[in-house]
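The file upload-v2.cif contains mmCIF, C-alpha atoms:
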```cif
data_work
loop_
_atom_site.label_atom_id
_atom_site.label_comp_id
_atom_site.auth_asym_id
_atom_site.auth_seq_id
_atom_site.Cartn_x
_atom_site.Cartn_y
_atom_site.Cartn_z
CA MET M 3 150.48 -29.97 121.24
CA LYS M 4 148.91 -26.67 120.25
CA THR M 5 151.21 -23.64 120.36
CA ILE M 6 149.88 -20.76 122.48
CA PHE M 7 150.99 -17.30 121.33
CA SER M 8 151.11 -14.80 124.18
CA SER M 9 151.24 -11.78 121.87
CA PRO M 10 150.08 -11.02 118.32
CA SER M 11 153.66 -10.36 117.27
CA ASP M 12 154.67 -13.86 118.42
CA ALA M 13 151.92 -15.26 116.21
CA GLU M 14 153.06 -13.07 113.35
CA ASP M 15 156.69 -14.13 113.68
CA ALA M 16 155.55 -17.75 113.43
CA TYR M 17 153.47 -16.96 110.31
CA TYR M 18 156.45 -15.55 108.41
CA ASP M 19 158.87 -18.13 109.79
CA ALA M 20 156.50 -20.82 108.50
CA ILE M 21 156.67 -19.36 104.98
CA ASP M 22 160.46 -19.06 105.10
CA GLU M 23 160.82 -22.60 106.43
CA GLY M 24 158.08 -24.23 104.34
CA ASP M 25 156.56 -25.46 107.62
CA LEU M 26 152.85 -26.24 107.26
CA GLU M 27 152.38 -27.27 110.88
CA LYS M 28 153.84 -23.98 112.11
CA MET M 29 151.64 -22.07 109.64
CA MET M 30 148.49 -23.79 110.86
CA SER M 31 149.44 -23.21 114.51
CA VAL M 32 148.97 -19.49 113.90
CA TRP M 33 145.40 -19.67 112.53
CA ALA M 34 142.37 -19.80 114.81
CA ASN M 35 140.85 -23.26 115.00
CA SER M 36 137.60 -22.03 113.51
CA GLU M 37 135.65 -21.80 110.31
CA ASP M 38 135.61 -18.03 110.89
CA VAL M 39 138.98 -17.32 109.30
CA ALA M 40 139.88 -16.02 105.84
CA CYS M 41 142.99 -15.65 103.71
CA LEU M 42 143.55 -13.62 100.56
CA LEU M 43 146.86 -14.16 98.78
CA PRO M 44 147.91 -12.36 95.58
CA MET M 45 146.20 -13.47 92.38
CA ARG M 46 144.13 -16.08 94.22
CA PRO M 47 140.50 -16.12 95.26
CA MET M 48 139.79 -15.42 98.91
CA VAL M 49 139.44 -18.65 100.91
CA TYR M 50 137.34 -19.09 104.07
CA GLY M 51 137.62 -21.57 106.89
CA ARG M 52 140.53 -23.43 108.40
CA ARG M 53 140.24 -26.43 106.09
CA ALA M 54 140.45 -24.37 102.86
CA ILE M 55 143.30 -22.30 104.28
CA GLN M 56 145.19 -25.47 105.15
CA GLU M 57 144.67 -26.78 101.60
CA THR M 58 146.03 -23.53 100.16
CA TRP M 59 149.14 -23.57 102.31
CA THR M 60 149.64 -27.29 101.66
CA GLN M 61 149.97 -26.36 97.96
CA LEU M 62 152.24 -23.40 98.60
CA LEU M 63 154.62 -24.60 101.31
CA THR M 64 156.44 -26.94 98.93
CA PRO M 65 159.93 -26.77 97.45
CA GLU M 66 158.45 -25.74 94.08
CA TYR M 67 157.09 -22.53 95.58
CA ARG M 68 159.86 -21.81 98.06
CA VAL M 69 160.35 -18.10 98.76
CA ASP M 70 162.24 -15.78 101.03
CA ILE M 71 159.86 -13.29 102.54
CA SER M 72 160.79 -10.13 104.41
CA VAL M 73 158.46 -7.60 105.97
CA ASN M 74 158.43 -3.87 106.71
CA HIS M 75 156.23 -2.92 109.63
CA LEU M 76 153.86 -0.05 108.90
CA ARG M 77 151.38 0.17 111.78
CA TRP M 78 149.93 -1.79 114.73
CA ILE M 79 146.35 -1.12 115.72
CA GLU M 80 145.29 -2.69 119.02
CA GLN M 81 141.98 -2.39 120.80
CA GLY M 82 141.12 -4.84 123.58
CA ASN M 83 141.31 -8.37 122.26
CA VAL M 84 141.88 -7.45 118.63
CA ALA M 85 145.18 -6.53 117.00
CA ILE M 86 145.62 -5.46 113.40
CA HIS M 87 149.07 -5.39 111.86
CA LEU M 88 149.67 -3.52 108.62
CA LEU M 89 152.90 -4.22 106.83
CA GLU M 90 154.63 -4.59 103.50
CA GLU M 91 155.87 -7.95 102.30
CA VAL M 92 158.78 -8.39 99.92
CA VAL M 93 158.76 -11.85 98.39
CA THR M 94 161.81 -13.30 96.66
CA PRO M 95 161.36 -16.67 94.95
CA VAL M 96 164.39 -18.76 95.88
CA ASP M 97 164.90 -19.98 92.33
CA SER M 98 164.90 -16.52 90.69
CA ASN M 99 166.55 -14.51 93.48
CA GLN M 100 164.64 -11.47 92.12
CA PRO M 101 162.62 -9.66 94.78
CA GLN M 102 159.06 -8.81 93.72
CA PRO M 103 157.71 -5.28 94.27
CA PRO M 104 156.46 -4.83 97.84
CA ILE M 105 152.81 -5.61 98.49
CA TYR M 106 150.62 -4.64 101.43
CA ALA M 107 149.65 -7.25 103.98
CA SER M 108 147.12 -6.90 106.77
CA ASN M 109 146.85 -9.42 109.57
CA VAL M 110 144.02 -9.41 112.09
CA TYR M 111 144.54 -11.31 115.37
CA CYS M 112 142.11 -12.01 118.20
CA ARG M 113 142.86 -13.05 121.78
CA ASN M 114 140.79 -15.76 123.40
CA GLY M 115 141.43 -18.63 125.82
CA ALA M 116 143.91 -20.08 123.32
CA GLY M 117 146.08 -16.94 123.21
CA TRP M 118 146.45 -14.73 120.14
CA GLN M 119 145.31 -16.31 116.90
CA LEU M 120 145.17 -15.16 113.30
CA LEU M 121 141.66 -14.59 111.91
CA LEU M 122 142.45 -12.81 108.67
CA HIS M 123 145.39 -12.38 106.31
CA LEU M 124 144.95 -10.11 103.29
CA ASN M 125 147.36 -9.05 100.59
CA SER M 126 146.75 -5.98 98.45
CA PRO M 127 149.01 -4.49 95.80
CA ALA M 128 150.75 -1.27 96.71
CA PRO M 129 149.94 1.55 94.28
CA PRO M 130 152.30 2.46 91.45
CA PRO M 131 154.37 5.58 92.08
CA MET M 132 152.54 8.76 91.08
CA PRO M 133 154.01 11.97 89.67
CA ALA M 134 153.91 14.79 92.20
CA GLY M 135 150.73 16.86 92.16
CA VAL M 136 148.60 14.31 90.33
CA LEU M 137 145.36 13.34 92.03
CA PRO M 138 145.13 9.57 92.49
CA PRO M 139 142.45 7.81 90.46
CA LEU M 140 138.95 7.05 91.58
CA PRO M 141 138.38 3.89 93.63
CA GLY M 142 137.60 1.08 91.25
CA ASN M 143 139.38 2.64 88.25
CA MET Z 159 125.73 14.80 117.41
CA LYS Z 160 127.73 11.61 116.99
CA THR Z 161 125.87 8.69 115.40
CA ILE Z 162 125.96 5.48 117.46
CA PHE Z 163 125.78 2.28 115.42
CA SER Z 164 124.25 -0.58 117.36
CA SER Z 165 125.50 -3.25 114.93
CA PRO Z 166 128.41 -3.54 112.51
CA SER Z 167 125.99 -3.89 109.61
CA ASP Z 168 124.37 -0.55 110.52
CA ALA Z 169 127.83 1.03 110.36
CA GLU Z 170 128.51 -0.68 107.06
CA ASP Z 171 125.23 0.47 105.53
CA ALA Z 172 126.18 4.03 106.45
CA TYR Z 173 129.63 3.61 104.88
CA TYR Z 174 128.22 2.61 101.49
CA ASP Z 175 125.34 5.08 101.69
CA ALA Z 176 127.91 7.82 102.29
CA ILE Z 177 129.71 6.87 99.07
CA ASP Z 178 126.47 6.73 97.07
CA GLU Z 179 125.32 10.05 98.48
CA GLY Z 180 128.68 11.85 98.47
CA ASP Z 181 128.13 12.53 102.20
CA LEU Z 182 131.41 13.21 104.01
CA GLU Z 183 129.81 13.68 107.42
CA LYS Z 184 128.07 10.31 107.18
CA MET Z 185 131.31 8.69 106.03
CA MET Z 186 133.25 10.08 109.00
CA SER Z 187 130.51 9.02 111.45
CA VAL Z 188 131.39 5.41 110.65
CA TRP Z 189 135.11 5.62 111.47
CA ALA Z 190 136.42 5.30 115.01
CA ASN Z 191 137.46 8.63 116.49
CA SER Z 192 141.05 7.49 116.83
CA GLU Z 193 144.41 7.64 115.20
CA ASP Z 194 144.29 3.82 115.14
CA VAL Z 195 142.35 3.49 111.91
CA ALA Z 196 143.53 2.75 108.38
CA CYS Z 197 142.08 2.81 104.89
CA LEU Z 198 143.39 1.28 101.68
CA LEU Z 199 141.54 2.20 98.49
CA PRO Z 200 142.46 0.92 95.00
CA MET Z 201 145.56 2.44 93.44
CA ARG Z 202 146.21 4.66 96.46
CA PRO Z 203 148.70 4.39 99.28
CA MET Z 204 147.36 3.13 102.59
CA VAL Z 205 146.45 6.03 104.90
CA TYR Z 206 146.45 5.94 108.69
CA GLY Z 207 144.61 7.98 111.27
CA ARG Z 208 141.27 9.73 111.21
CA ARG Z 209 142.64 13.02 109.88
CA ALA Z 210 144.28 11.45 106.79
CA ILE Z 211 141.21 9.34 106.14
CA GLN Z 212 139.02 12.42 106.29
CA GLU Z 213 141.33 14.20 103.81
CA THR Z 214 141.08 11.24 101.41
CA TRP Z 215 137.30 11.12 101.52
CA THR Z 216 137.09 14.91 101.23
CA GLN Z 217 138.85 14.52 97.86
CA LEU Z 218 136.71 11.60 96.74
CA LEU Z 219 133.20 12.50 97.86
CA THR Z 220 132.85 15.23 95.27
CA PRO Z 221 130.72 15.43 92.11
CA GLU Z 222 133.84 14.85 89.99
CA TYR Z 223 134.31 11.38 91.50
CA ARG Z 224 130.66 10.44 91.95
CA VAL Z 225 130.05 6.67 91.75
CA ASP Z 226 127.33 4.14 92.28
CA ILE Z 227 128.61 1.35 94.47
CA SER Z 228 126.96 -1.99 95.06
CA VAL Z 229 128.19 -4.83 97.26
CA ASN Z 230 127.96 -8.61 97.35
CA HIS Z 231 128.27 -10.07 100.84
CA LEU Z 232 130.79 -12.90 101.10
CA ARG Z 233 131.33 -13.63 104.80
CA TRP Z 234 130.88 -12.17 108.28
CA ILE Z 235 133.37 -13.12 110.96
CA GLU Z 236 132.43 -12.09 114.49
CA GLN Z 237 134.27 -12.77 117.71
CA GLY Z 238 133.38 -10.79 120.83
CA ASN Z 239 133.80 -7.10 120.14
CA VAL Z 240 135.31 -7.47 116.68
CA ALA Z 241 133.44 -8.01 113.43
CA ILE Z 242 135.05 -8.54 110.04
CA HIS Z 243 132.99 -8.25 106.90
CA LEU Z 244 134.31 -9.62 103.63
CA LEU Z 245 132.54 -8.52 100.49
CA GLU Z 246 132.87 -7.61 96.85
CA GLU Z 247 132.34 -4.06 95.65
CA VAL Z 248 131.16 -3.16 92.18
CA VAL Z 249 131.87 0.48 91.41
CA THR Z 250 130.18 2.29 88.52
CA PRO Z 251 131.33 5.84 87.83
CA VAL Z 252 128.19 7.91 87.27
CA ASP Z 253 129.64 9.64 84.22
CA SER Z 254 130.67 6.46 82.37
CA ASN Z 255 127.86 4.15 83.52
CA GLN Z 256 130.31 1.26 82.98
CA PRO Z 257 130.64 -1.02 86.02
CA GLN Z 258 134.24 -1.84 86.94
CA PRO Z 259 135.24 -5.47 87.62
CA PRO Z 260 134.38 -6.49 91.20
CA ILE Z 261 137.06 -5.96 93.82
CA TYR Z 262 137.35 -7.43 97.31
CA ALA Z 263 136.69 -5.25 100.31
CA SER Z 264 137.32 -6.11 103.95
CA ASN Z 265 135.93 -4.02 106.76
CA VAL Z 266 136.95 -4.51 110.39
CA TYR Z 267 134.67 -3.07 113.10
CA CYS Z 268 135.15 -2.88 116.84
CA ARG Z 269 132.56 -2.33 119.56
CA ASN Z 270 133.33 0.03 122.42
CA GLY Z 271 131.36 2.55 124.50
CA ALA Z 272 130.55 4.45 121.30
CA GLY Z 273 128.91 1.46 119.57
CA TRP Z 274 130.35 -0.29 116.53
CA GLN Z 275 132.99 1.68 114.67
CA LEU Z 276 135.09 1.05 111.59
CA LEU Z 277 138.81 0.55 112.24
CA LEU Z 278 139.97 -0.72 108.87
CA HIS Z 279 138.79 -0.69 105.27
CA LEU Z 280 140.90 -2.52 102.69
CA ASN Z 281 140.37 -3.09 98.99
CA SER Z 282 142.16 -5.84 97.10
CA PRO Z 283 141.76 -6.85 93.47
CA ALA Z 284 139.94 -10.10 92.83
CA PRO Z 285 142.06 -12.57 90.85
CA PRO Z 286 141.66 -12.96 87.10
CA PRO Z 287 139.72 -16.07 86.05
CA MET Z 288 141.97 -19.11 85.75
CA PRO Z 289 141.65 -22.00 83.30
CA ALA Z 290 140.48 -25.18 85.03
CA GLY Z 291 143.29 -27.36 86.37
CA VAL Z 292 145.95 -24.65 86.38
CA LEU Z 293 147.73 -24.13 89.69
CA PRO Z 294 147.50 -20.49 90.79
CA PRO Z 295 150.74 -18.54 90.82
CA LEU Z 296 153.07 -18.10 93.74
CA PRO Z 297 152.28 -15.34 96.25
CA GLY Z 298 154.09 -12.22 95.15
CA ASN Z 299 154.20 -13.18 91.49
#
```
Is it possible to give me this structure as structure tokens?
Amino acid sequence: MKTIFSSPSDAEDAYYDAIDEGDLEKMMSVWANSEDVACLLPMRPMVYGRRAIQETWTQLLTPEYRVDISVNHLRWIEQGNVAIHLLEEVVTPVDSNQPQPPIYASNVYCRNGAGWQLLLHLNSPAPPPMPAGVLPPLPGN
Amino acid sequence: MKTIFSSPSDAEDAYYDAIDEGDLEKMMSVWANSEDVACLLPMRPMVYGRRAIQETWTQLLTPEYRVDISVNHLRWIEQGNVAIHLLEEVVTPVDSNQPQPPIYASNVYCRNGAGWQLLLHLNSPAPPPMPAGVLPPLPGN
């Protein structure tokens, strides 16, 4: 039975619960049932389409890769049937117990007849700290 | 006079033309006139809201930071009034003439009474090449 998420934050809670619990079925319940979805995880190529995303998470939601993941909410953007959530993720591999530096995550949800569904998950590194008064570098440098 | 973009690709063309031409007014014509916008450029903190985005581009669209930027289209995702464009950017600083490695870019547009407008621009590094048969690393590592 397909889970229906009545809000984007319900879908997002399920996304992060799925990672914490290593639950592939819960993870895939969050994604739109469509080829028009994409996922970019750190140090991996971007993958498109539900099937490729399921293959990626099948590899990752295993005991070998088990992590604790916590999030800091930065900003919700909502307009009509689209919701964008910007946040920071802090990932701690269970075997090392050493939290990684926070990284940005951006999740884009759309509402349709099947409730709120995830279309896009993107990770980006957060910038290194800068000394005060120094202009940040050029994009692409 | 506010520019109205009748398609998300018209808005996107203006975004990249603005960077090539160092044209702040054109750049700001692409962004929604809202506090609910966000921009993440490489090695910079994410900024939220039209005012902060305008300040960022005011710094960058100057002769000192002039770049040529070219893009490779990866995927369009469209659903109702939202369009997501996934692409690679190749940035070449005009003074060095050395193209940087490609980086991912994701642009999220929304359609409302003012046409198609940019809500979100995010850059993420592309992964380093991996030897064949090697499992990619854990998210966060």
Query raised in the report: Applied to the shown file, which residues does the PyMOL selection byres ((chain M) within 6 of (chain Z)) return, written as a list in words?
Result: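 Listing what the PyMOL selection byres ((chain M) within 6 of (chain Z)) selects in the shown file: Asp38, Pro44, Met45, Arg46, Pro47, Ile79, Val93, Ser126, Pro129, Pro141 and Gly142 of chain M.
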Can you move chain M onto chain Z by a least-squares fit over all C-alpha atoms paired in order, then give me the moved copy as an mmCIF file with C-alpha atoms, in the frame of the given file?
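What landed in superposed_33.cif:
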```cif
data_model
loop_
_atom_site.group_PDB
_atom_site.id
_atom_site.type_symbol
_atom_site.label_atom_id
_atom_site.label_comp_id
_atom_site.auth_asym_id
_atom_site.auth_seq_id
_atom_site.Cartn_x
_atom_site.Cartn_y
_atom_site.Cartn_z
ATOM 1 C CA MET M 3 125.698 14.779 117.416
ATOM 2 C CA LYS M 4 127.695 11.593 116.972
ATOM 3 C CA THR M 5 125.833 8.676 115.388
ATOM 4 C CA ILE M 6 125.930 5.470 117.454
ATOM 5 C CA PHE M 7 125.767 2.259 115.407
ATOM 6 C CA SER M 8 124.235 -0.616 117.349
ATOM 7 C CA SER M 9 125.503 -3.266 114.932
ATOM 8 C CA PRO M 10 128.428 -3.557 112.505
ATOM 9 C CA SER M 11 126.015 -3.911 109.607
ATOM 10 C CA ASP M 12 124.394 -0.574 110.514
ATOM 11 C CA ALA M 13 127.838 1.014 110.367
ATOM 12 C CA GLU M 14 128.519 -0.695 107.066
ATOM 13 C CA ASP M 15 125.244 0.456 105.531
ATOM 14 C CA ALA M 16 126.181 4.024 106.456
ATOM 15 C CA TYR M 17 129.648 3.604 104.879
ATOM 16 C CA TYR M 18 128.230 2.605 101.492
ATOM 17 C CA ASP M 19 125.340 5.059 101.698
ATOM 18 C CA ALA M 20 127.912 7.805 102.292
ATOM 19 C CA ILE M 21 129.733 6.873 99.072
ATOM 20 C CA ASP M 22 126.496 6.716 97.082
ATOM 21 C CA GLU M 23 125.322 10.041 98.496
ATOM 22 C CA GLY M 24 128.684 11.839 98.475
ATOM 23 C CA ASP M 25 128.137 12.522 102.192
ATOM 24 C CA LEU M 26 131.416 13.192 104.009
ATOM 25 C CA GLU M 27 129.812 13.672 107.412
ATOM 26 C CA LYS M 28 128.063 10.303 107.174
ATOM 27 C CA MET M 29 131.328 8.677 106.041
ATOM 28 C CA MET M 30 133.243 10.073 109.000
ATOM 29 C CA SER M 31 130.498 9.016 111.431
ATOM 30 C CA VAL M 32 131.383 5.405 110.648
ATOM 31 C CA TRP M 33 135.116 5.632 111.466
ATOM 32 C CA ALA M 34 136.426 5.309 115.012
ATOM 33 C CA ASN M 35 137.452 8.640 116.485
ATOM 34 C CA SER M 36 141.041 7.503 116.829
ATOM 35 C CA GLU M 37 144.418 7.653 115.195
ATOM 36 C CA ASP M 38 144.301 3.841 115.160
ATOM 37 C CA VAL M 39 142.358 3.506 111.919
ATOM 38 C CA ALA M 40 143.526 2.753 108.378
ATOM 39 C CA CYS M 41 142.078 2.821 104.879
ATOM 40 C CA LEU M 42 143.396 1.288 101.674
ATOM 41 C CA LEU M 43 141.551 2.214 98.487
ATOM 42 C CA PRO M 44 142.474 0.936 95.009
ATOM 43 C CA MET M 45 145.592 2.421 93.437
ATOM 44 C CA ARG M 46 146.226 4.653 96.454
ATOM 45 C CA PRO M 47 148.714 4.393 99.283
ATOM 46 C CA MET M 48 147.370 3.149 102.593
ATOM 47 C CA VAL M 49 146.444 6.042 104.902
ATOM 48 C CA TYR M 50 146.484 5.937 108.720
ATOM 49 C CA GLY M 51 144.619 7.997 111.262
ATOM 50 C CA ARG M 52 141.278 9.741 111.208
ATOM 51 C CA ARG M 53 142.639 13.026 109.877
ATOM 52 C CA ALA M 54 144.296 11.460 106.790
ATOM 53 C CA ILE M 55 141.223 9.328 106.133
ATOM 54 C CA GLN M 56 139.028 12.416 106.286
ATOM 55 C CA GLU M 57 141.325 14.198 103.810
ATOM 56 C CA THR M 58 141.100 11.247 101.417
ATOM 57 C CA TRP M 59 137.323 11.107 101.526
ATOM 58 C CA THR M 60 137.093 14.899 101.248
ATOM 59 C CA GLN M 61 138.854 14.524 97.868
ATOM 60 C CA LEU M 62 136.728 11.599 96.750
ATOM 61 C CA LEU M 63 133.212 12.496 97.884
ATOM 62 C CA THR M 64 132.867 15.226 95.261
ATOM 63 C CA PRO M 65 130.740 15.414 92.124
ATOM 64 C CA GLU M 66 133.848 14.817 89.981
ATOM 65 C CA TYR M 67 134.320 11.372 91.502
ATOM 66 C CA ARG M 68 130.683 10.419 91.960
ATOM 67 C CA VAL M 69 130.053 6.670 91.746
ATOM 68 C CA ASP M 70 127.339 4.129 92.277
ATOM 69 C CA ILE M 71 128.631 1.352 94.459
ATOM 70 C CA SER M 72 126.976 -2.002 95.057
ATOM 71 C CA VAL M 73 128.201 -4.823 97.248
ATOM 72 C CA ASN M 74 127.987 -8.619 97.346
ATOM 73 C CA HIS M 75 128.301 -10.067 100.820
ATOM 74 C CA LEU M 76 130.811 -12.899 101.085
ATOM 75 C CA ARG M 77 131.350 -13.631 104.782
ATOM 76 C CA TRP M 78 130.891 -12.176 108.291
ATOM 77 C CA ILE M 79 133.394 -13.128 110.951
ATOM 78 C CA GLU M 80 132.436 -12.092 114.484
ATOM 79 C CA GLN M 81 134.269 -12.781 117.706
ATOM 80 C CA GLY M 82 133.386 -10.792 120.826
ATOM 81 C CA ASN M 83 133.786 -7.104 120.132
ATOM 82 C CA VAL M 84 135.307 -7.471 116.682
ATOM 83 C CA ALA M 85 133.453 -8.010 113.416
ATOM 84 C CA ILE M 86 135.074 -8.535 110.040
ATOM 85 C CA HIS M 87 133.008 -8.241 106.890
ATOM 86 C CA LEU M 88 134.334 -9.601 103.611
ATOM 87 C CA LEU M 89 132.556 -8.519 100.482
ATOM 88 C CA GLU M 90 132.884 -7.604 96.839
ATOM 89 C CA GLU M 91 132.345 -4.059 95.653
ATOM 90 C CA VAL M 92 131.165 -3.162 92.170
ATOM 91 C CA VAL M 93 131.859 0.477 91.406
ATOM 92 C CA THR M 94 130.167 2.285 88.531
ATOM 93 C CA PRO M 95 131.323 5.844 87.836
ATOM 94 C CA VAL M 96 128.184 7.903 87.269
ATOM 95 C CA ASP M 97 129.620 9.639 84.224
ATOM 96 C CA SER M 98 130.655 6.452 82.370
ATOM 97 C CA ASN M 99 127.848 4.133 83.506
ATOM 98 C CA GLN M 100 130.319 1.243 82.975
ATOM 99 C CA PRO M 101 130.658 -1.011 86.014
ATOM 100 C CA GLN M 102 134.260 -1.847 86.937
ATOM 101 C CA PRO M 103 135.250 -5.472 87.618
ATOM 102 C CA PRO M 104 134.392 -6.480 91.190
ATOM 103 C CA ILE M 105 137.075 -5.953 93.812
ATOM 104 C CA TYR M 106 137.370 -7.424 97.295
ATOM 105 C CA ALA M 107 136.696 -5.248 100.306
ATOM 106 C CA SER M 108 137.331 -6.099 103.937
ATOM 107 C CA ASN M 109 135.937 -4.019 106.765
ATOM 108 C CA VAL M 110 136.956 -4.507 110.382
ATOM 109 C CA TYR M 111 134.665 -3.077 113.093
ATOM 110 C CA CYS M 112 135.150 -2.890 116.852
ATOM 111 C CA ARG M 113 132.541 -2.344 119.565
ATOM 112 C CA ASN M 114 133.289 0.018 122.413
ATOM 113 C CA GLY M 115 131.321 2.536 124.484
ATOM 114 C CA ALA M 116 130.524 4.430 121.278
ATOM 115 C CA GLY M 117 128.895 1.431 119.567
ATOM 116 C CA TRP M 118 130.337 -0.299 116.505
ATOM 117 C CA GLN M 119 132.977 1.680 114.659
ATOM 118 C CA LEU M 120 135.088 1.053 111.585
ATOM 119 C CA LEU M 121 138.813 0.543 112.247
ATOM 120 C CA LEU M 122 139.976 -0.720 108.879
ATOM 121 C CA HIS M 123 138.797 -0.686 105.272
ATOM 122 C CA LEU M 124 140.896 -2.516 102.681
ATOM 123 C CA ASN M 125 140.374 -3.078 98.989
ATOM 124 C CA SER M 126 142.175 -5.832 97.105
ATOM 125 C CA PRO M 127 141.770 -6.832 93.474
ATOM 126 C CA ALA M 128 139.955 -10.075 92.829
ATOM 127 C CA PRO M 129 142.070 -12.548 90.849
ATOM 128 C CA PRO M 130 141.653 -12.945 87.097
ATOM 129 C CA PRO M 131 139.708 -16.035 86.056
ATOM 130 C CA MET M 132 141.923 -19.112 85.761
ATOM 131 C CA PRO M 133 141.587 -22.023 83.339
ATOM 132 C CA ALA M 134 140.427 -25.178 85.089
ATOM 133 C CA GLY M 135 143.210 -27.351 86.478
ATOM 134 C CA VAL M 136 145.879 -24.655 86.475
ATOM 135 C CA LEU M 137 147.643 -24.074 89.774
ATOM 136 C CA PRO M 138 147.425 -20.421 90.817
ATOM 137 C CA PRO M 139 150.698 -18.501 90.833
ATOM 138 C CA LEU M 140 153.002 -18.054 93.761
ATOM 139 C CA PRO M 141 152.238 -15.247 96.220
ATOM 140 C CA GLY M 142 154.058 -12.160 95.068
ATOM 141 C CA ASN M 143 154.249 -13.199 91.396
#
```
Query raised in the report: Quick one: distance from CA of Ile6 in chain M to CA of Gly115 in chain M in Å, one decimal?
Result: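 Spanning CA of Ile6 in chain M to CA of Gly115 in chain M is a straight-line distance of 9.3 Å.
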Requested in this report: Using CA of Val229 in chain Z and CA of Ser165 in chain Z as the two end points, give the distance in Å to one decimal.
Outcome: 17.9 Å
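Here the PyMOL selection byres ((chain M and resi 11) around 10) catches exactly these residues: Phe7, Ser8, Ser9, Pro10, Asp12, Ala13, Glu14, Asp15, Ala16, Tyr17, Trp78, Ala85, His87, Tyr111 and Trp118 of chain M.
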